[in-house]
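*Asks:* Please find work.pdb (PDB, C-alpha atoms) on the next line:
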```pdb
MODEL        1
ATOM      1  CA  MET A   1     -88.910  90.629   0.969
ATOM      2  CA  LYS A   2     -88.144  86.880   1.035
ATOM      3  CA  GLN A   3     -86.057  87.378   4.170
ATOM      4  CA  SER A   4     -88.969  89.157   5.923
ATOM      5  CA  ILE A   5     -91.343  86.305   5.119
ATOM      6  CA  LEU A   6     -88.798  83.749   6.392
ATOM      7  CA  ILE A   7     -88.402  85.663   9.661
ATOM      8  CA  VAL A   8     -92.199  85.826  10.169
ATOM      9  CA  ILE A   9     -92.577  82.090   9.454
ATOM     10  CA  THR A  10     -89.685  81.202  11.784
ATOM     11  CA  LEU A  11     -91.004  83.449  14.539
ATOM     12  CA  SER A  12     -94.540  82.042  14.167
ATOM     13  CA  THR A  13     -93.214  78.490  14.388
ATOM     14  CA  PHE A  14     -91.256  79.358  17.522
ATOM     15  CA  LEU A  15     -94.225  81.042  19.174
ATOM     16  CA  LEU A  16     -96.557  78.163  18.346
ATOM     17  CA  GLY A  17     -94.125  75.555  19.695
ATOM     18  CA  GLY A  18     -95.169  75.335  23.318
ATOM     19  CA  CYS A  19     -94.972  72.258  25.478
ATOM     20  CA  LYS A  20     -97.150  69.269  24.657
ATOM     21  CA  ILE A  21     -99.685  67.126  26.437
ATOM     22  CA  ARG A  22     -99.579  63.626  24.957
ATOM     23  CA  ILE A  23    -102.771  61.663  25.595
ATOM     24  CA  GLU A  24    -102.372  57.894  25.216
ATOM     25  CA  VAL A  25    -105.712  56.107  25.290
ATOM     26  CA  PRO A  26    -105.790  52.337  25.835
ATOM     27  CA  GLU A  27    -108.671  50.050  24.923
ATOM     28  CA  GLY A  28    -111.787  50.644  26.991
ATOM     29  CA  GLY A  29    -112.675  54.279  26.514
ATOM     30  CA  ARG A  30    -111.696  57.729  25.352
ATOM     31  CA  VAL A  31    -110.571  61.073  26.745
ATOM     32  CA  THR A  32    -112.713  64.165  26.299
ATOM     33  CA  THR A  33    -112.629  67.702  27.628
ATOM     34  CA  GLU A  34    -115.410  69.513  29.406
ATOM     35  CA  SER A  35    -115.274  72.260  26.756
ATOM     36  CA  GLY A  36    -115.601  69.750  23.910
ATOM     37  CA  ASN A  37    -112.476  71.166  22.253
ATOM     38  CA  TYR A  38    -110.522  67.890  22.452
ATOM     39  CA  THR A  39    -111.377  64.206  22.093
ATOM     40  CA  CYS A  40    -108.935  61.317  21.877
ATOM     41  CA  GLU A  41    -110.405  57.932  21.006
ATOM     42  CA  SER A  42    -109.463  54.444  22.180
ATOM     43  CA  GLY A  43    -106.178  53.162  20.764
ATOM     44  CA  LEU A  44    -104.951  56.600  19.689
ATOM     45  CA  VAL A  45    -102.174  58.920  20.795
ATOM     46  CA  CYS A  46    -103.146  62.605  20.594
ATOM     47  CA  GLU A  47    -100.996  65.670  21.202
ATOM     48  CA  ILE A  48    -102.080  69.108  22.335
ATOM     49  CA  ASP A  49     -99.753  72.102  22.081
ATOM     50  CA  VAL A  50     -99.909  74.363  25.131
ATOM     51  CA  VAL A  51     -98.635  77.740  23.978
ATOM     52  CA  ASP A  52    -100.016  80.488  26.228
ATOM     53  CA  LEU A  53    -101.446  81.517  29.585
ATOM     54  CA  PHE A  54    -105.021  80.922  28.404
ATOM     55  CA  PHE A  55    -104.966  77.110  28.343
ATOM     56  CA  ASP A  56    -107.637  75.765  30.707
ATOM     57  CA  GLU A  57    -109.149  72.355  30.041
ATOM     58  CA  THR A  58    -110.692  69.673  32.224
ATOM     59  CA  PHE A  59    -110.049  66.152  30.909
ATOM     60  CA  SER A  60    -112.230  63.116  31.649
ATOM     61  CA  GLY A  61    -111.732  59.427  31.043
ATOM     62  CA  ASP A  62    -114.967  58.282  29.405
ATOM     63  CA  PRO A  63    -115.329  54.500  29.573
ATOM     64  CA  ALA A  64    -116.768  52.442  26.748
ATOM     65  CA  SER A  65    -119.629  50.050  27.402
ATOM     66  CA  GLY A  66    -118.401  47.209  29.609
ATOM     67  CA  TYR A  67    -115.584  49.284  31.161
ATOM     68  CA  ARG A  68    -115.159  51.781  33.983
ATOM     69  CA  PHE A  69    -112.637  54.569  34.395
ATOM     70  CA  ASP A  70    -110.209  53.623  37.172
ATOM     71  CA  SER A  71    -107.668  56.484  37.379
ATOM     72  CA  TRP A  72    -104.996  58.434  35.530
ATOM     73  CA  LEU A  73    -101.746  56.501  35.183
ATOM     74  CA  LYS A  74     -99.008  57.541  37.591
ATOM     75  CA  ARG A  75     -95.736  57.801  35.654
ATOM     76  CA  GLN A  76     -92.777  60.077  35.119
ATOM     77  CA  ARG A  77     -93.963  63.392  33.609
ATOM     78  CA  GLY A  78     -97.516  62.131  34.015
ATOM     79  CA  LEU A  79    -100.367  64.472  34.823
ATOM     80  CA  CYS A  80    -102.979  63.768  37.514
ATOM     81  CA  GLY A  81    -101.339  60.393  38.288
ATOM     82  CA  SER A  82    -103.372  58.066  40.545
ATOM     83  CA  SER A  83    -106.341  60.453  40.638
ATOM     84  CA  ASP A  84    -109.749  59.050  39.765
ATOM     85  CA  GLU A  85    -111.224  62.538  39.277
ATOM     86  CA  ALA A  86    -111.440  64.729  36.181
ATOM     87  CA  CYS A  87    -108.045  66.300  35.453
ATOM     88  CA  ARG A  88    -108.014  70.110  35.179
ATOM     89  CA  LEU A  89    -104.914  71.547  33.512
ATOM     90  CA  PHE A  90    -104.424  75.297  33.247
ATOM     91  CA  THR A  91    -101.568  77.711  32.676
ATOM     92  CA  SER A  92    -102.906  80.937  34.204
ATOM     93  CA  GLY A  93    -100.793  80.296  37.319
ATOM     94  CA  PHE A  94     -97.595  80.338  35.227
ATOM     95  CA  GLU A  95     -97.562  84.131  34.979
ATOM     96  CA  GLY A  96     -94.683  85.610  36.987
ATOM     97  CA  ASN A  97     -92.954  82.232  37.367
ATOM     98  CA  ASP A  98     -89.986  82.158  34.962
ATOM     99  CA  ILE A  99     -89.489  78.397  35.287
ATOM    100  CA  MET A 100     -93.110  77.593  34.445
ATOM    101  CA  MET A 101     -93.211  80.184  31.646
ATOM    102  CA  SER A 102     -90.155  78.577  30.057
ATOM    103  CA  PHE A 103     -92.196  75.395  29.459
ATOM    104  CA  LEU A 104     -94.446  77.349  27.109
ATOM    105  CA  ASN A 105     -91.456  78.037  24.851
ATOM    106  CA  ARG A 106     -90.058  74.483  24.644
ATOM    107  CA  PRO A 107     -91.778  72.158  22.180
ATOM    108  CA  GLU A 108     -89.541  69.285  23.299
ATOM    109  CA  GLU A 109     -91.251  69.264  26.705
ATOM    110  CA  VAL A 110     -93.856  66.491  26.711
ATOM    111  CA  PHE A 111     -96.196  65.622  29.571
ATOM    112  CA  PHE A 112     -98.469  62.588  29.582
ATOM    113  CA  LEU A 113    -102.125  62.035  30.365
ATOM    114  CA  VAL A 114    -103.033  58.344  30.310
ATOM    115  CA  PRO A 115    -106.395  57.021  31.495
ATOM    116  CA  GLN A 116    -106.718  53.535  32.915
ATOM    117  CA  PHE A 117    -109.895  51.642  32.141
ATOM    118  CA  VAL A 118    -110.924  48.397  33.792
ATOM    119  CA  GLN A 119    -113.186  45.874  32.144
ATOM    120  CA  ILE A 120    -116.288  45.226  34.210
ATOM    121  CA  PRO A 121    -116.583  41.536  35.001
ATOM    122  CA  THR A 122    -119.906  40.170  33.816
ATOM    123  CA  ASP A 123    -119.919  37.213  36.184
ATOM    124  CA  ALA A 124    -118.463  38.714  39.367
ATOM    125  CA  PHE A 125    -119.271  41.366  41.948
ATOM    126  CA  ASP A 126    -117.423  44.673  41.404
ATOM    127  CA  PRO A 127    -117.616  46.850  44.564
ATOM    128  CA  ALA A 128    -116.435  49.916  42.651
ATOM    129  CA  LEU A 129    -119.813  49.970  40.896
ATOM    130  CA  MET A 130    -121.792  50.248  44.132
ATOM    131  CA  GLN A 131    -123.128  53.759  44.736
ATOM    132  CA  SER A 132    -125.328  53.223  47.772
ATOM    133  CA  THR A 133    -127.491  50.557  49.289
ATOM    134  CA  GLU A 134    -130.806  50.958  51.082
ATOM    135  CA  PHE A 135    -132.554  48.216  52.942
ATOM    136  CA  LEU A 136    -136.253  48.510  53.824
ATOM    137  CA  VAL A 137    -137.587  46.297  56.563
TER     138      VAL A 137
ENDMDL
END
```
The structure given in the file should be rewritten as structure tokens.
*Replies:*
Amino acid sequence: MKQSILIVITLSTFLLGGCKIRIEVPEGGRVTTESGNYTCESGLVCEIDVVDLFFDETFSGDPASGYRFDSWLKRQRGLCGSSDEACRLFTSGFEGNDIMMSFLNRPEEVFFLVPQFVQIPTDAFDPALMQSTEFLV
């Protein structure tokens, strides 16, 4: 009986391992998902286990007051690097691809999602804040 319970616990731990998305949030904002399932606040490091083919989340860098979201950090094993758009991550495309499927069984695999926030200067012109300009004569 004890051996059966140990096997179930070991198997459950193995199946729940999955690869990880590590979100590292600097000062100036937070990371949220469109679904509302995940939020990682400023100054924190959050980890999400990705364990199956049903993972589908869209991550956004939400700036704090006085900041703007610039882009996702480009780095080794980084996700959405250099993009200034929301970052959609999903595993449904892994099916049938043995290499991609193997990531779902390796908890030591860590991928990074790091937003970059820029403080908005209060005494200078910031062209990134301009949406459109109309002149009436």
*Asks:* For this structure, which residues satisfy the selection - the PyMOL selection byres ((chain A and resi 112) around 9) - when it is evaluated on the file as given? I want them as a ChimeraX atom specification.
*Replies:* /A:20-24,73,75-79,110-111,113-114
*Asks:* Would you mind listing what lies within 12 Å of Asn37 in chain A as a short mmCIF file (atom, residue, chain, number, x, y, z; two decimals) with C-alpha atoms, keeping the file's coordinate frame, with only C-alpha atoms counted and same-chain residues fewer than 6 positions away left out?
*Replies:*
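around.cif was written with the following content:
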```
data_model
loop_
_atom_site.label_atom_id
_atom_site.label_comp_id
_atom_site.auth_asym_id
_atom_site.auth_seq_id
_atom_site.Cartn_x
_atom_site.Cartn_y
_atom_site.Cartn_z
CA VAL A 31 -110.57 61.07 26.74
CA ILE A 48 -102.08 69.11 22.34
CA PHE A 55 -104.97 77.11 28.34
CA ASP A 56 -107.64 75.76 30.71
CA GLU A 57 -109.15 72.36 30.04
CA THR A 58 -110.69 69.67 32.22
CA PHE A 59 -110.05 66.15 30.91
#
```
*Asks:* Using all atoms listed in the file, which protein or nucleic acid residues come within 12 Å of Glu108 in chain A? Drop anything in the same chain fewer than 3 positions from it, and give the result as a list in words.
*Replies:* Phe14, Gly17, Gly18, Cys19, Lys20, Ile21, Arg22, Asp49, Val50, Ser102, Phe103, Leu104, Asn105 and Phe111 of chain A
*Asks:* What does the structure give for the distance between CA of Cys40 in chain A and CA of Glu109 in chain A, in Å to one decimal?
*Replies:*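 Between these atoms lies a distance of 20.0 Å.
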*Asks:* For this file, the PyMOL selection byres ((chain A and resi 27) around 12) selects which residues, as a JSON list (two decimals) with C-alpha atoms, keeping the file's coordinate frame?
*Replies:*
```json
[["chain", "number", "residue", "atom", "x", "y", "z"],
["A", 24, "GLU", "CA", -102.37, 57.89, 25.22],
["A", 25, "VAL", "CA", -105.71, 56.11, 25.29],
["A", 26, "PRO", "CA", -105.79, 52.34, 25.84],
["A", 28, "GLY", "CA", -111.79, 50.64, 26.99],
["A", 29, "GLY", "CA", -112.68, 54.28, 26.51],
["A", 30, "ARG", "CA", -111.70, 57.73, 25.35],
["A", 31, "VAL", "CA", -110.57, 61.07, 26.74],
["A", 40, "CYS", "CA", -108.94, 61.32, 21.88],
["A", 41, "GLU", "CA", -110.40, 57.93, 21.01],
["A", 42, "SER", "CA", -109.46, 54.44, 22.18],
["A", 43, "GLY", "CA", -106.18, 53.16, 20.76],
["A", 44, "LEU", "CA", -104.95, 56.60, 19.69],
["A", 45, "VAL", "CA", -102.17, 58.92, 20.80],
["A", 61, "GLY", "CA", -111.73, 59.43, 31.04],
["A", 62, "ASP", "CA", -114.97, 58.28, 29.40],
["A", 63, "PRO", "CA", -115.33, 54.50, 29.57],
["A", 64, "ALA", "CA", -116.77, 52.44, 26.75],
["A", 65, "SER", "CA", -119.63, 50.05, 27.40],
["A", 66, "GLY", "CA", -118.40, 47.21, 29.61],
["A", 67, "TYR", "CA", -115.58, 49.28, 31.16],
["A", 68, "ARG", "CA", -115.16, 51.78, 33.98],
["A", 69, "PHE", "CA", -112.64, 54.57, 34.40],
["A", 114, "VAL", "CA", -103.03, 58.34, 30.31],
["A", 115, "PRO", "CA", -106.40, 57.02, 31.50],
["A", 116, "GLN", "CA", -106.72, 53.54, 32.92],
["A", 117, "PHE", "CA", -109.90, 51.64, 32.14],
["A", 118, "VAL", "CA", -110.92, 48.40, 33.79],
["A", 119, "GLN", "CA", -113.19, 45.87, 32.14]]
```
*Asks:* Going by the chain IDs and residue numbers used in this file, which residues fall under the PyMOL selection byres ((chain A and resi 54) around 8)? Write them as a list in words.
*Replies:*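 Here the PyMOL selection byres ((chain A and resi 54) around 8) matches Asp52, Leu53, Phe55, Asp56, Phe90, Thr91 and Ser92 of chain A.
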*Asks:* Could you tell me how far CA of Cys80 in chain A sits from CA of Glu34 in chain A, in Å to one decimal place?
*Replies:*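 Value for the CA of Glu34 in chain A-CA of Cys80 in chain A distance: 15.9 Å.
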*Asks:* Can you measure CA of Ser60 in chain A to CA of Ile120 in chain A for me? One decimal in Å is fine.
*Replies:*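 Distance between the two atoms: 18.5 Å.
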*Asks:* Given all atoms listed in the file as the basis, pick out the residue of A:Lys74, A:Thr33, A:Val51, A:Met101 nearest to Cys87 in chain A.
*Replies:*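 Smallest separation from Cys87 in chain A among the options: A:Thr33.
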*Asks:* Could the centre and edge lengths of an axis-aligned box, enclosing all atoms of range 81-89 of chain A in the file with 5 Å extra on each side, be given in Å to one decimal as lines of an AutoDock Vina configuration file?
*Replies:*
```
center_x = -106.4
center_y = 64.8
center_z = 37.1
size_x = 20.1
size_y = 23.5
size_z = 17.1
```
*Asks:* Supply range 69-92 of chain A as an mmCIF file, in the coordinates of the input, with N, CA and C atoms built in where the input has gaps.
*Replies:*
```cif
data_model
loop_
_atom_site.group_PDB
_atom_site.id
_atom_site.type_symbol
_atom_site.label_atom_id
_atom_site.label_comp_id
_atom_site.auth_asym_id
_atom_site.auth_seq_id
_atom_site.Cartn_x
_atom_site.Cartn_y
_atom_site.Cartn_z
ATOM 1 N N PHE A 69 -113.867 53.796 34.243
ATOM 2 C CA PHE A 69 -112.637 54.569 34.395
ATOM 3 C C PHE A 69 -112.095 54.301 35.788
ATOM 4 N N ASP A 70 -110.823 53.933 35.884
ATOM 5 C CA ASP A 70 -110.209 53.623 37.172
ATOM 6 C C ASP A 70 -109.437 54.824 37.715
ATOM 7 N N SER A 71 -108.488 55.343 36.937
ATOM 8 C CA SER A 71 -107.668 56.484 37.379
ATOM 9 C C SER A 71 -106.764 56.909 36.225
ATOM 10 N N TRP A 72 -106.030 58.007 36.461
ATOM 11 C CA TRP A 72 -104.996 58.434 35.530
ATOM 12 C C TRP A 72 -103.718 57.707 35.919
ATOM 13 N N LEU A 73 -102.970 57.255 34.938
ATOM 14 C CA LEU A 73 -101.746 56.501 35.183
ATOM 15 C C LEU A 73 -100.696 57.379 35.864
ATOM 16 N N LYS A 74 -100.109 56.861 36.921
ATOM 17 C CA LYS A 74 -99.008 57.541 37.591
ATOM 18 C C LYS A 74 -97.718 57.111 36.895
ATOM 19 N N ARG A 75 -96.976 58.091 36.362
ATOM 20 C CA ARG A 75 -95.736 57.801 35.654
ATOM 21 C C ARG A 75 -94.892 59.062 35.635
ATOM 22 N N GLN A 76 -93.651 58.921 35.231
ATOM 23 C CA GLN A 76 -92.777 60.077 35.119
ATOM 24 C C GLN A 76 -93.357 61.042 34.084
ATOM 25 N N ARG A 77 -93.419 62.314 34.438
ATOM 26 C CA ARG A 77 -93.963 63.392 33.609
ATOM 27 C C ARG A 77 -95.444 63.198 33.324
ATOM 28 N N GLY A 78 -96.084 62.364 34.154
ATOM 29 C CA GLY A 78 -97.516 62.131 34.015
ATOM 30 C C GLY A 78 -98.310 63.194 34.741
ATOM 31 N N LEU A 79 -99.484 63.473 34.238
ATOM 32 C CA LEU A 79 -100.367 64.472 34.823
ATOM 33 C C LEU A 79 -101.518 63.785 35.541
ATOM 34 N N CYS A 80 -101.851 64.259 36.714
ATOM 35 C CA CYS A 80 -102.979 63.768 37.514
ATOM 36 C C CYS A 80 -102.828 62.299 37.916
ATOM 37 N N GLY A 81 -101.604 61.797 37.979
ATOM 38 C CA GLY A 81 -101.339 60.393 38.288
ATOM 39 C C GLY A 81 -102.015 59.908 39.553
ATOM 40 N N SER A 82 -102.656 58.771 39.471
ATOM 41 C CA SER A 82 -103.372 58.066 40.545
ATOM 42 C C SER A 82 -104.714 58.685 40.900
ATOM 43 N N SER A 83 -105.054 59.826 40.344
ATOM 44 C CA SER A 83 -106.341 60.453 40.638
ATOM 45 C C SER A 83 -107.447 59.760 39.849
ATOM 46 N N ASP A 84 -108.598 59.613 40.479
ATOM 47 C CA ASP A 84 -109.749 59.050 39.765
ATOM 48 C C ASP A 84 -110.783 60.137 39.449
ATOM 49 N N GLU A 85 -110.365 61.389 39.565
ATOM 50 C CA GLU A 85 -111.224 62.538 39.277
ATOM 51 C C GLU A 85 -110.896 63.101 37.895
ATOM 52 N N ALA A 86 -111.749 64.005 37.414
ATOM 53 C CA ALA A 86 -111.440 64.729 36.181
ATOM 54 C C ALA A 86 -110.140 65.506 36.404
ATOM 55 N N CYS A 87 -109.369 65.694 35.355
ATOM 56 C CA CYS A 87 -108.045 66.300 35.453
ATOM 57 C C CYS A 87 -108.061 67.697 34.833
ATOM 58 N N ARG A 88 -108.028 68.732 35.679
ATOM 59 C CA ARG A 88 -108.014 70.110 35.179
ATOM 60 C C ARG A 88 -106.567 70.567 35.019
ATOM 61 N N LEU A 89 -106.246 71.036 33.819
ATOM 62 C CA LEU A 89 -104.914 71.547 33.512
ATOM 63 C C LEU A 89 -105.066 72.973 33.024
ATOM 64 N N PHE A 90 -104.332 73.895 33.650
ATOM 65 C CA PHE A 90 -104.424 75.297 33.247
ATOM 66 C C PHE A 90 -103.086 75.982 33.443
ATOM 67 N N THR A 91 -102.856 77.026 32.670
ATOM 68 C CA THR A 91 -101.568 77.711 32.676
ATOM 69 C C THR A 91 -101.639 79.116 33.262
ATOM 70 N N SER A 92 -102.795 79.566 33.694
ATOM 71 C CA SER A 92 -102.906 80.937 34.204
ATOM 72 C C SER A 92 -101.996 81.180 35.404
#
```
